[in-house]
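Next up, my_file_38.cif (mmCIF, C-alpha atoms):
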data_start
loop_
_atom_site.group_PDB
_atom_site.id
_atom_site.type_symbol
_atom_site.label_atom_id
_atom_site.label_comp_id
_atom_site.auth_asym_id
_atom_site.auth_seq_id
_atom_site.Cartn_x
_atom_site.Cartn_y
_atom_site.Cartn_z
ATOM 1 C CA MET A 1 106.866 90.261 101.376
ATOM 2 C CA ARG A 2 106.387 91.889 104.781
ATOM 3 C CA THR A 3 108.835 94.801 104.806
ATOM 4 C CA LEU A 4 110.045 97.347 107.337
ATOM 5 C CA VAL A 5 111.122 100.729 105.969
ATOM 6 C CA PHE A 6 113.742 101.914 108.443
ATOM 7 C CA LEU A 7 114.444 105.652 108.776
ATOM 8 C CA PRO A 8 117.272 106.683 111.146
ATOM 9 C CA THR A 9 116.908 110.420 111.794
ATOM 10 C CA TYR A 10 118.647 113.380 113.350
ATOM 11 C CA ASN A 11 117.276 116.886 112.764
ATOM 12 C CA GLU A 12 114.957 116.037 109.879
ATOM 13 C CA ARG A 13 111.829 117.853 111.071
ATOM 14 C CA ASP A 14 111.134 119.525 107.724
ATOM 15 C CA ASN A 15 111.597 116.339 105.705
ATOM 16 C CA ILE A 16 110.212 113.514 107.808
ATOM 17 C CA GLY A 17 106.494 114.286 107.560
ATOM 18 C CA PRO A 18 106.344 114.654 103.758
ATOM 19 C CA LEU A 19 108.579 111.590 103.362
ATOM 20 C CA ILE A 20 106.325 109.389 105.501
ATOM 21 C CA GLU A 21 103.309 110.607 103.520
ATOM 22 C CA ALA A 22 105.087 109.828 100.231
ATOM 23 C CA ILE A 23 106.009 106.315 101.387
ATOM 24 C CA GLN A 24 102.432 105.679 102.516
ATOM 25 C CA HIS A 25 100.987 106.787 99.173
ATOM 26 C CA MET A 26 103.540 104.737 97.220
ATOM 27 C CA SER A 27 102.833 101.672 99.369
ATOM 28 C CA LYS A 28 99.096 101.958 98.788
ATOM 29 C CA ASP A 29 99.501 102.435 95.033
ATOM 30 C CA GLN A 30 101.867 99.453 94.739
ATOM 31 C CA ARG A 31 99.904 97.295 97.232
ATOM 32 C CA LEU A 32 102.972 96.631 99.355
ATOM 33 C CA ASP A 33 102.922 95.204 102.877
ATOM 34 C CA ILE A 34 105.030 97.914 104.530
ATOM 35 C CA ASP A 35 105.565 99.179 108.060
ATOM 36 C CA ILE A 36 107.668 102.255 108.806
ATOM 37 C CA LEU A 37 110.002 102.664 111.762
ATOM 38 C CA VAL A 38 111.591 106.025 112.543
ATOM 39 C CA MET A 39 114.538 105.761 114.921
ATOM 40 C CA ASP A 40 115.382 109.259 116.108
ATOM 41 C CA ASP A 41 118.477 110.268 118.078
ATOM 42 C CA ASN A 42 116.535 112.721 120.246
ATOM 43 C CA SER A 43 116.710 115.450 117.585
ATOM 44 C CA PRO A 44 116.636 118.928 119.133
ATOM 45 C CA ASP A 45 114.612 120.262 116.175
ATOM 46 C CA GLY A 46 111.527 118.224 117.142
ATOM 47 C CA THR A 47 111.652 115.489 114.506
ATOM 48 C CA ALA A 48 110.060 113.009 116.929
ATOM 49 C CA GLU A 49 107.083 115.306 117.580
ATOM 50 C CA VAL A 50 106.239 115.344 113.866
ATOM 51 C CA VAL A 51 106.323 111.538 113.771
ATOM 52 C CA ARG A 52 104.186 111.197 116.913
ATOM 53 C CA ALA A 53 101.457 113.293 115.282
ATOM 54 C CA LEU A 54 101.446 110.978 112.259
ATOM 55 C CA ILE A 55 101.253 107.815 114.388
ATOM 56 C CA ASP A 56 97.656 108.811 115.146
ATOM 57 C CA VAL A 57 96.989 108.728 111.396
ATOM 58 C CA TYR A 58 98.907 105.608 110.319
ATOM 59 C CA ASP A 59 98.771 102.359 112.251
ATOM 60 C CA ASN A 60 101.800 100.992 110.379
ATOM 61 C CA LEU A 61 104.092 103.767 111.677
ATOM 62 C CA SER A 62 106.293 103.399 114.773
ATOM 63 C CA LEU A 63 108.827 105.613 116.544
ATOM 64 C CA ILE A 64 111.807 104.851 118.749
ATOM 65 C CA VAL A 65 113.559 107.813 120.364
ATOM 66 C CA ARG A 66 117.056 107.096 121.629
ATOM 67 C CA PRO A 67 118.684 109.051 124.472
ATOM 68 C CA GLY A 68 120.963 111.177 122.296
ATOM 69 C CA LYS A 69 123.051 111.343 119.152
ATOM 70 C CA MET A 70 124.337 107.767 119.105
ATOM 71 C CA GLY A 71 125.148 107.662 115.396
ATOM 72 C CA LEU A 72 124.328 105.671 112.305
ATOM 73 C CA GLY A 73 126.293 102.596 113.339
ATOM 74 C CA SER A 74 124.306 101.793 116.441
ATOM 75 C CA ALA A 75 121.060 102.832 114.725
ATOM 76 C CA LEU A 76 121.676 100.337 111.943
ATOM 77 C CA ARG A 77 122.510 97.591 114.389
ATOM 78 C CA ASP A 78 119.275 98.313 116.272
ATOM 79 C CA GLY A 79 117.369 98.353 112.988
ATOM 80 C CA PHE A 80 118.704 94.951 111.917
ATOM 81 C CA LYS A 81 117.772 93.450 115.285
ATOM 82 C CA TYR A 82 114.320 95.028 115.349
ATOM 83 C CA SER A 83 113.525 93.821 111.824
ATOM 84 C CA TYR A 84 114.687 90.270 112.440
ATOM 85 C CA GLU A 85 113.144 89.871 115.890
ATOM 86 C CA ASN A 86 109.786 91.215 114.686
ATOM 87 C CA GLY A 87 109.579 88.732 111.829
ATOM 88 C CA TYR A 88 110.033 90.995 108.819
ATOM 89 C CA GLU A 89 111.006 89.277 105.591
ATOM 90 C CA SER A 90 112.946 92.329 104.415
ATOM 91 C CA MET A 91 114.118 95.730 105.580
ATOM 92 C CA VAL A 92 114.593 98.831 103.445
ATOM 93 C CA LEU A 93 117.084 101.376 104.757
ATOM 94 C CA MET A 94 116.844 104.938 103.469
ATOM 95 C CA ASP A 95 117.703 108.506 104.388
ATOM 96 C CA ALA A 96 114.963 110.835 105.580
ATOM 97 C CA ASP A 97 115.899 113.817 103.404
ATOM 98 C CA PHE A 98 114.316 112.871 100.019
ATOM 99 C CA GLN A 99 117.665 112.078 98.410
ATOM 100 C CA HIS A 100 116.304 108.539 98.217
ATOM 101 C CA PRO A 101 113.050 108.535 96.175
ATOM 102 C CA PRO A 102 110.288 106.355 97.668
ATOM 103 C CA ASP A 103 109.300 105.115 94.209
ATOM 104 C CA VAL A 104 112.523 103.058 94.108
ATOM 105 C CA ILE A 105 111.459 100.997 97.157
ATOM 106 C CA PRO A 106 109.400 98.465 95.130
ATOM 107 C CA ARG A 107 112.416 97.680 92.921
ATOM 108 C CA LEU A 108 114.598 97.060 95.968
ATOM 109 C CA ILE A 109 111.981 94.770 97.504
ATOM 110 C CA GLU A 110 111.666 92.952 94.180
ATOM 111 C CA GLY A 111 115.441 92.438 94.181
ATOM 112 C CA VAL A 112 115.467 90.618 97.513
ATOM 113 C CA SER A 113 112.293 88.710 96.605
ATOM 114 C CA ARG A 114 114.229 87.304 93.601
ATOM 115 C CA GLY A 115 116.782 85.691 95.894
ATOM 116 C CA TYR A 116 119.316 88.458 96.463
ATOM 117 C CA ASN A 117 120.290 89.046 100.080
ATOM 118 C CA LEU A 118 121.179 92.707 99.586
ATOM 119 C CA ALA A 119 119.779 95.054 96.928
ATOM 120 C CA ILE A 120 121.586 98.397 96.682
ATOM 121 C CA ALA A 121 120.095 101.470 94.996
ATOM 122 C CA SER A 122 123.086 102.434 92.874
ATOM 123 C CA ARG A 123 124.149 105.730 91.332
ATOM 124 C CA TYR A 124 127.013 104.151 89.423
ATOM 125 C CA VAL A 125 125.429 101.462 87.264
ATOM 126 C CA GLU A 126 123.727 101.989 83.918
ATOM 127 C CA GLY A 127 120.543 103.993 84.448
ATOM 128 C CA GLY A 128 121.730 105.529 87.715
ATOM 129 C CA GLY A 129 122.995 109.056 88.322
ATOM 130 C CA ILE A 130 123.230 112.129 90.520
ATOM 131 C CA GLU A 131 121.334 115.428 90.369
ATOM 132 C CA GLY A 132 122.291 118.706 92.008
ATOM 133 C CA TRP A 133 125.816 117.917 93.174
ATOM 134 C CA SER A 134 128.873 120.075 92.616
ATOM 135 C CA ARG A 135 131.835 118.677 90.708
ATOM 136 C CA VAL A 136 133.846 118.476 93.955
ATOM 137 C CA ARG A 137 131.149 116.411 95.687
ATOM 138 C CA ARG A 138 130.944 114.084 92.694
ATOM 139 C CA ILE A 139 134.720 113.563 92.748
ATOM 140 C CA ILE A 140 134.677 112.810 96.491
ATOM 141 C CA SER A 141 131.920 110.227 96.057
ATOM 142 C CA TRP A 142 133.561 108.601 93.032
ATOM 143 C CA GLY A 143 136.919 108.505 94.826
ATOM 144 C CA ALA A 144 135.437 107.025 97.997
ATOM 145 C CA ASN A 145 133.773 104.222 96.068
ATOM 146 C CA THR A 146 136.800 103.511 93.891
ATOM 147 C CA TYR A 147 139.062 103.408 96.950
ATOM 148 C CA ALA A 148 136.807 101.015 98.864
ATOM 149 C CA ARG A 149 136.198 98.784 95.866
ATOM 150 C CA THR A 150 139.939 98.533 95.190
ATOM 151 C CA VAL A 151 141.087 97.980 98.778
ATOM 152 C CA LEU A 152 138.360 95.457 99.605
ATOM 153 C CA ARG A 153 138.185 93.843 96.136
ATOM 154 C CA LEU A 154 134.429 94.136 95.955
ATOM 155 C CA PRO A 155 132.473 93.852 92.670
ATOM 156 C CA VAL A 156 129.990 96.569 93.710
ATOM 157 C CA ARG A 157 129.898 99.980 92.028
ATOM 158 C CA ASP A 158 128.083 102.017 94.702
ATOM 159 C CA LEU A 159 129.341 100.809 98.067
ATOM 160 C CA THR A 160 128.518 104.040 99.901
ATOM 161 C CA SER A 161 124.837 104.132 98.973
ATOM 162 C CA GLY A 162 122.663 104.196 102.081
ATOM 163 C CA PHE A 163 119.532 103.237 100.146
ATOM 164 C CA ARG A 164 119.257 99.448 100.207
ATOM 165 C CA ALA A 165 117.135 96.426 101.059
ATOM 166 C CA PHE A 166 118.094 93.328 103.063
ATOM 167 C CA ASP A 167 116.412 89.929 103.080
ATOM 168 C CA ARG A 168 115.743 87.939 106.259
ATOM 169 C CA ASP A 169 118.935 85.869 106.026
ATOM 170 C CA ALA A 170 121.047 89.020 105.805
ATOM 171 C CA LEU A 171 119.143 90.573 108.710
ATOM 172 C CA GLU A 172 119.783 87.524 110.879
ATOM 173 C CA PHE A 173 123.512 87.608 110.132
ATOM 174 C CA LEU A 174 123.895 91.382 110.571
ATOM 175 C CA SER A 175 121.864 91.495 113.777
ATOM 176 C CA LYS A 176 124.605 89.388 115.393
ATOM 177 C CA CYS A 177 127.547 91.410 114.083
ATOM 178 C CA SER A 178 129.565 94.149 115.712
ATOM 179 C CA PHE A 179 130.906 96.822 113.387
ATOM 180 C CA LEU A 180 134.130 98.790 113.224
ATOM 181 C CA SER A 181 132.538 101.812 111.583
ATOM 182 C CA ARG A 182 130.091 104.383 112.881
ATOM 183 C CA GLY A 183 129.524 106.690 109.926
ATOM 184 C CA TYR A 184 129.577 106.463 106.134
ATOM 185 C CA ALA A 185 132.094 103.610 106.055
ATOM 186 C CA LEU A 186 129.466 101.446 107.715
ATOM 187 C CA GLN A 187 127.586 101.100 104.424
ATOM 188 C CA VAL A 188 130.749 99.684 102.874
ATOM 189 C CA GLU A 189 131.421 97.441 105.863
ATOM 190 C CA VAL A 190 127.948 95.912 105.748
ATOM 191 C CA ALA A 191 128.274 95.077 102.043
ATOM 192 C CA TYR A 192 131.791 93.737 102.587
ATOM 193 C CA LEU A 193 130.800 91.438 105.451
ATOM 194 C CA LEU A 194 127.871 90.050 103.467
ATOM 195 C CA TYR A 195 130.027 89.507 100.378
ATOM 196 C CA ARG A 196 132.739 87.733 102.380
ATOM 197 C CA LYS A 197 130.107 85.350 103.747
ATOM 198 C CA GLY A 198 128.807 84.489 100.277
ATOM 199 C CA PHE A 199 125.601 86.516 100.310
ATOM 200 C CA LYS A 200 124.267 87.661 96.928
ATOM 201 C CA ILE A 201 124.305 91.395 96.125
ATOM 202 C CA LEU A 202 122.300 93.221 93.441
ATOM 203 C CA GLU A 203 122.601 96.849 92.294
ATOM 204 C CA VAL A 204 119.418 98.629 91.189
ATOM 205 C CA PRO A 205 119.874 101.932 89.293
ATOM 206 C CA PHE A 206 118.393 105.113 90.737
ATOM 207 C CA ILE A 207 118.820 108.884 90.479
ATOM 208 C CA PHE A 208 120.219 110.459 93.643
ATOM 209 C CA ARG A 209 118.678 113.895 94.224
ATOM 210 C CA ARG A 210 119.544 116.958 96.284
ATOM 211 C CA ARG A 211 118.130 116.936 99.847
ATOM 212 C CA ARG A 212 115.009 119.088 100.203
ATOM 213 C CA TYR A 213 115.779 120.788 103.515
ATOM 214 C CA GLY A 214 118.643 120.886 105.986
ATOM 215 C CA ALA A 215 122.386 120.517 105.568
ATOM 216 C CA SER A 216 124.536 117.523 104.678
ATOM 217 C CA LYS A 217 126.280 115.879 107.627
ATOM 218 C CA LEU A 218 129.409 115.167 105.551
ATOM 219 C CA ASN A 219 132.574 116.943 106.734
ATOM 220 C CA SER A 220 136.359 116.485 106.717
ATOM 221 C CA GLY A 221 136.310 114.427 109.928
ATOM 222 C CA VAL A 222 133.767 112.024 108.461
ATOM 223 C CA ILE A 223 135.839 111.668 105.286
ATOM 224 C CA SER A 224 139.040 110.949 107.229
ATOM 225 C CA GLU A 225 137.291 108.347 109.379
ATOM 226 C CA TYR A 226 135.921 106.712 106.235
ATOM 227 C CA PHE A 227 139.302 106.180 104.577
ATOM 228 C CA TYR A 228 140.862 104.935 107.829
ATOM 229 C CA ASN A 229 138.103 102.418 108.508
ATOM 230 C CA ILE A 230 138.228 100.959 105.005
ATOM 231 C CA LEU A 231 141.835 99.946 105.667
ATOM 232 C CA ARG A 232 140.946 98.488 109.072
ATOM 233 C CA MET A 233 138.247 96.205 107.717
ATOM 234 C CA ARG A 234 140.356 94.693 104.908
ATOM 235 C CA TRP A 235 141.093 91.369 106.639
ATOM 236 C CA ARG A 236 138.355 91.419 109.256
ATOM 237 C CA GLU A 237 135.647 88.812 109.646
ATOM 238 C CA CYS A 238 132.361 89.693 111.317
ATOM 239 C CA PRO A 239 132.525 88.930 115.059
ATOM 240 C CA ILE A 240 129.409 86.957 115.941
ATOM 241 C CA GLU A 241 127.969 87.352 119.415
#

Encoded form using structure tokens:
Amino acid sequence: MRTLVFLPTYNERDNIGPLIEAIQHMSKDQRLDIDILVMDDNSPDGTAEVVRALIDVYDNLSLIVRPGKMGLGSALRDGFKYSYENGYESMVLMDADFQHPPDVIPRLIEGVSRGYNLAIASRYVEGGGIEGWSRVRRIISWGANTYARTVLRLPVRDLTSGFRAFDRDALEFLSKCSFLSRGYALQVEVAYLLYRKGFKILEVPFIFRRRRYGASKLNSGVISEYFYNILRMRWRECPIE
């Protein structure tokens, strides 16, 4: 299965190089047909420069630098379109901070190869878990997922996970959608839109780990926007262009 690993980045200079190396080694060991696309929002810390140096080493690595901090929502939309228009059979979305272990990628790809349209790396199914989080952070995450699952009536335990794989049918559908959300609620919205359209969703257990370098981008404004957007999307269908 020809797969694109999609890495949206902003200020991940310290993480991006080691992560790309880890994905490359994993791909070689597992004999996977993988390309990597880094989509950077013109990070002031020089993330793009690190990736450019590695492009000379790996011919399956690409970089797109956008004009500024445009956010996760538009990055995801661009990623869906890029994957579909370039003929990929699947796309793996993951963070660039090592909270998403590269060794889980083969299990996500296997999930979509078995006929699931969306495979989510889940912290909240048997075998999944979280390392290095405070009790407050755990409560926020559990509450956010419980709230979304209840309001939207979705049979998915980890709706906020940003570590997931999409098959080609899901990519085609999502590449034509416009989204209400820009931040963390977007992960929920994507799963919700696919579920409403009858796409099949699988949860694959994984252990979520503390980021290696840098600070979390979660703050009170992001949390407020999340809860507001969940309510907005309750009765919304995906607008198709």

Name the residues that the PyMOL selection byres ((chain A and resi 224-229) around 9) pulls out of this structure, and write them as a short mmCIF file (atom, residue, chain, number, x, y, z; two decimals) with C-alpha atoms, keeping the file's coordinate frame.
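The resulting out07.cif:
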data_model
loop_
_atom_site.label_atom_id
_atom_site.label_comp_id
_atom_site.auth_asym_id
_atom_site.auth_seq_id
_atom_site.Cartn_x
_atom_site.Cartn_y
_atom_site.Cartn_z
CA ALA A 144 135.44 107.02 98.00
CA TYR A 147 139.06 103.41 96.95
CA ALA A 148 136.81 101.02 98.86
CA LEU A 180 134.13 98.79 113.22
CA SER A 181 132.54 101.81 111.58
CA ARG A 182 130.09 104.38 112.88
CA GLY A 183 129.52 106.69 109.93
CA TYR A 184 129.58 106.46 106.13
CA ALA A 185 132.09 103.61 106.06
CA LEU A 186 129.47 101.45 107.72
CA GLU A 189 131.42 97.44 105.86
CA ASN A 219 132.57 116.94 106.73
CA SER A 220 136.36 116.48 106.72
CA GLY A 221 136.31 114.43 109.93
CA VAL A 222 133.77 112.02 108.46
CA ILE A 223 135.84 111.67 105.29
CA ILE A 230 138.23 100.96 105.00
CA LEU A 231 141.84 99.95 105.67
CA ARG A 232 140.95 98.49 109.07
CA MET A 233 138.25 96.20 107.72
CA ARG A 234 140.36 94.69 104.91
#

Evaluate the PyMOL selection byres ((chain A and resi 145) around 12) here and jot the selected residues down as number ranges by chain.
A: 122-124, 138-144, 146-161, 184-185, 187-188, 226-227, 230

Keeping C-alpha atoms, export the residues of the selection given above as a compact mmCIF listing (two decimals), keeping the file's coordinate frame.
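Output file selection_29.txt follows:
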# COMPACT_ATOMS: atom_id res chain seq x y z
CA SER A 122 123.09 102.43 92.87
CA ARG A 123 124.15 105.73 91.33
CA TYR A 124 127.01 104.15 89.42
CA ARG A 138 130.94 114.08 92.69
CA ILE A 139 134.72 113.56 92.75
CA ILE A 140 134.68 112.81 96.49
CA SER A 141 131.92 110.23 96.06
CA TRP A 142 133.56 108.60 93.03
CA GLY A 143 136.92 108.50 94.83
CA ALA A 144 135.44 107.02 98.00
CA THR A 146 136.80 103.51 93.89
CA TYR A 147 139.06 103.41 96.95
CA ALA A 148 136.81 101.02 98.86
CA ARG A 149 136.20 98.78 95.87
CA THR A 150 139.94 98.53 95.19
CA VAL A 151 141.09 97.98 98.78
CA LEU A 152 138.36 95.46 99.60
CA ARG A 153 138.18 93.84 96.14
CA LEU A 154 134.43 94.14 95.96
CA PRO A 155 132.47 93.85 92.67
CA VAL A 156 129.99 96.57 93.71
CA ARG A 157 129.90 99.98 92.03
CA ASP A 158 128.08 102.02 94.70
CA LEU A 159 129.34 100.81 98.07
CA THR A 160 128.52 104.04 99.90
CA SER A 161 124.84 104.13 98.97
CA TYR A 184 129.58 106.46 106.13
CA ALA A 185 132.09 103.61 106.06
CA GLN A 187 127.59 101.10 104.42
CA VAL A 188 130.75 99.68 102.87
CA TYR A 226 135.92 106.71 106.24
CA PHE A 227 139.30 106.18 104.58
CA ILE A 230 138.23 100.96 105.00

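Computed from the coordinates, the atom CA of A:Tyr88 to atom CA of A:Gly46 distance equals 28.5 Å.
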
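Note that the spacing between atom CA of A:Glu203 and atom CA of A:Ile120 amounts to 4.8 Å.
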
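Selection by the PyMOL selection byres ((chain A and resi 24) around 12) on the present file picks out Val5, Gly17, Pro18, Leu19, Ile20, Glu21, Ala22, Ile23, His25, Met26, Ser27, Lys28, Asp29, Gln30, Arg31, Leu32, Asp33, Ile34, Asp35, Ile36, Leu54, Val57, Tyr58, Asp59, Asn60, Leu61, Pro102, Asp103 and Ile105 of chain A.
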
Expressed in Å to a single decimal, how great is the separation between atom CA of A:Asn42 and atom CA of A:Ala191?
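Here the two named atoms are 27.9 Å from each other.
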
Considering all atoms listed in the file, can you say which of A:Leu174, A:Ala119, A:Ala48, A:Leu193 comes closest to A:Tyr84?
A:Leu174

Distance criterion (all atoms listed in the file): nearest to A:Ser113 out of A:Val92, A:Met39, A:Met1, A:Ala53
A:Met1

Determine the nearest neighbour of A:Val190 from the options A:Arg77, A:Pro205, A:Gly87, A:Phe98, counting all atoms listed in the file.
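Once distances to A:Val190 are computed over all atoms listed in the file, the minimum belongs to A:Arg77.
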
Would you list the contacts of A:Ile109 as a ChimeraX atom specification, taking every protein, DNA or RNA residue within 10 Å and counting only C-alpha atoms, but skipping same-chain residues closer than 3 positions in sequence?
/A:1-3,32,89-92,104-106,112-114,116,118-119,164-167
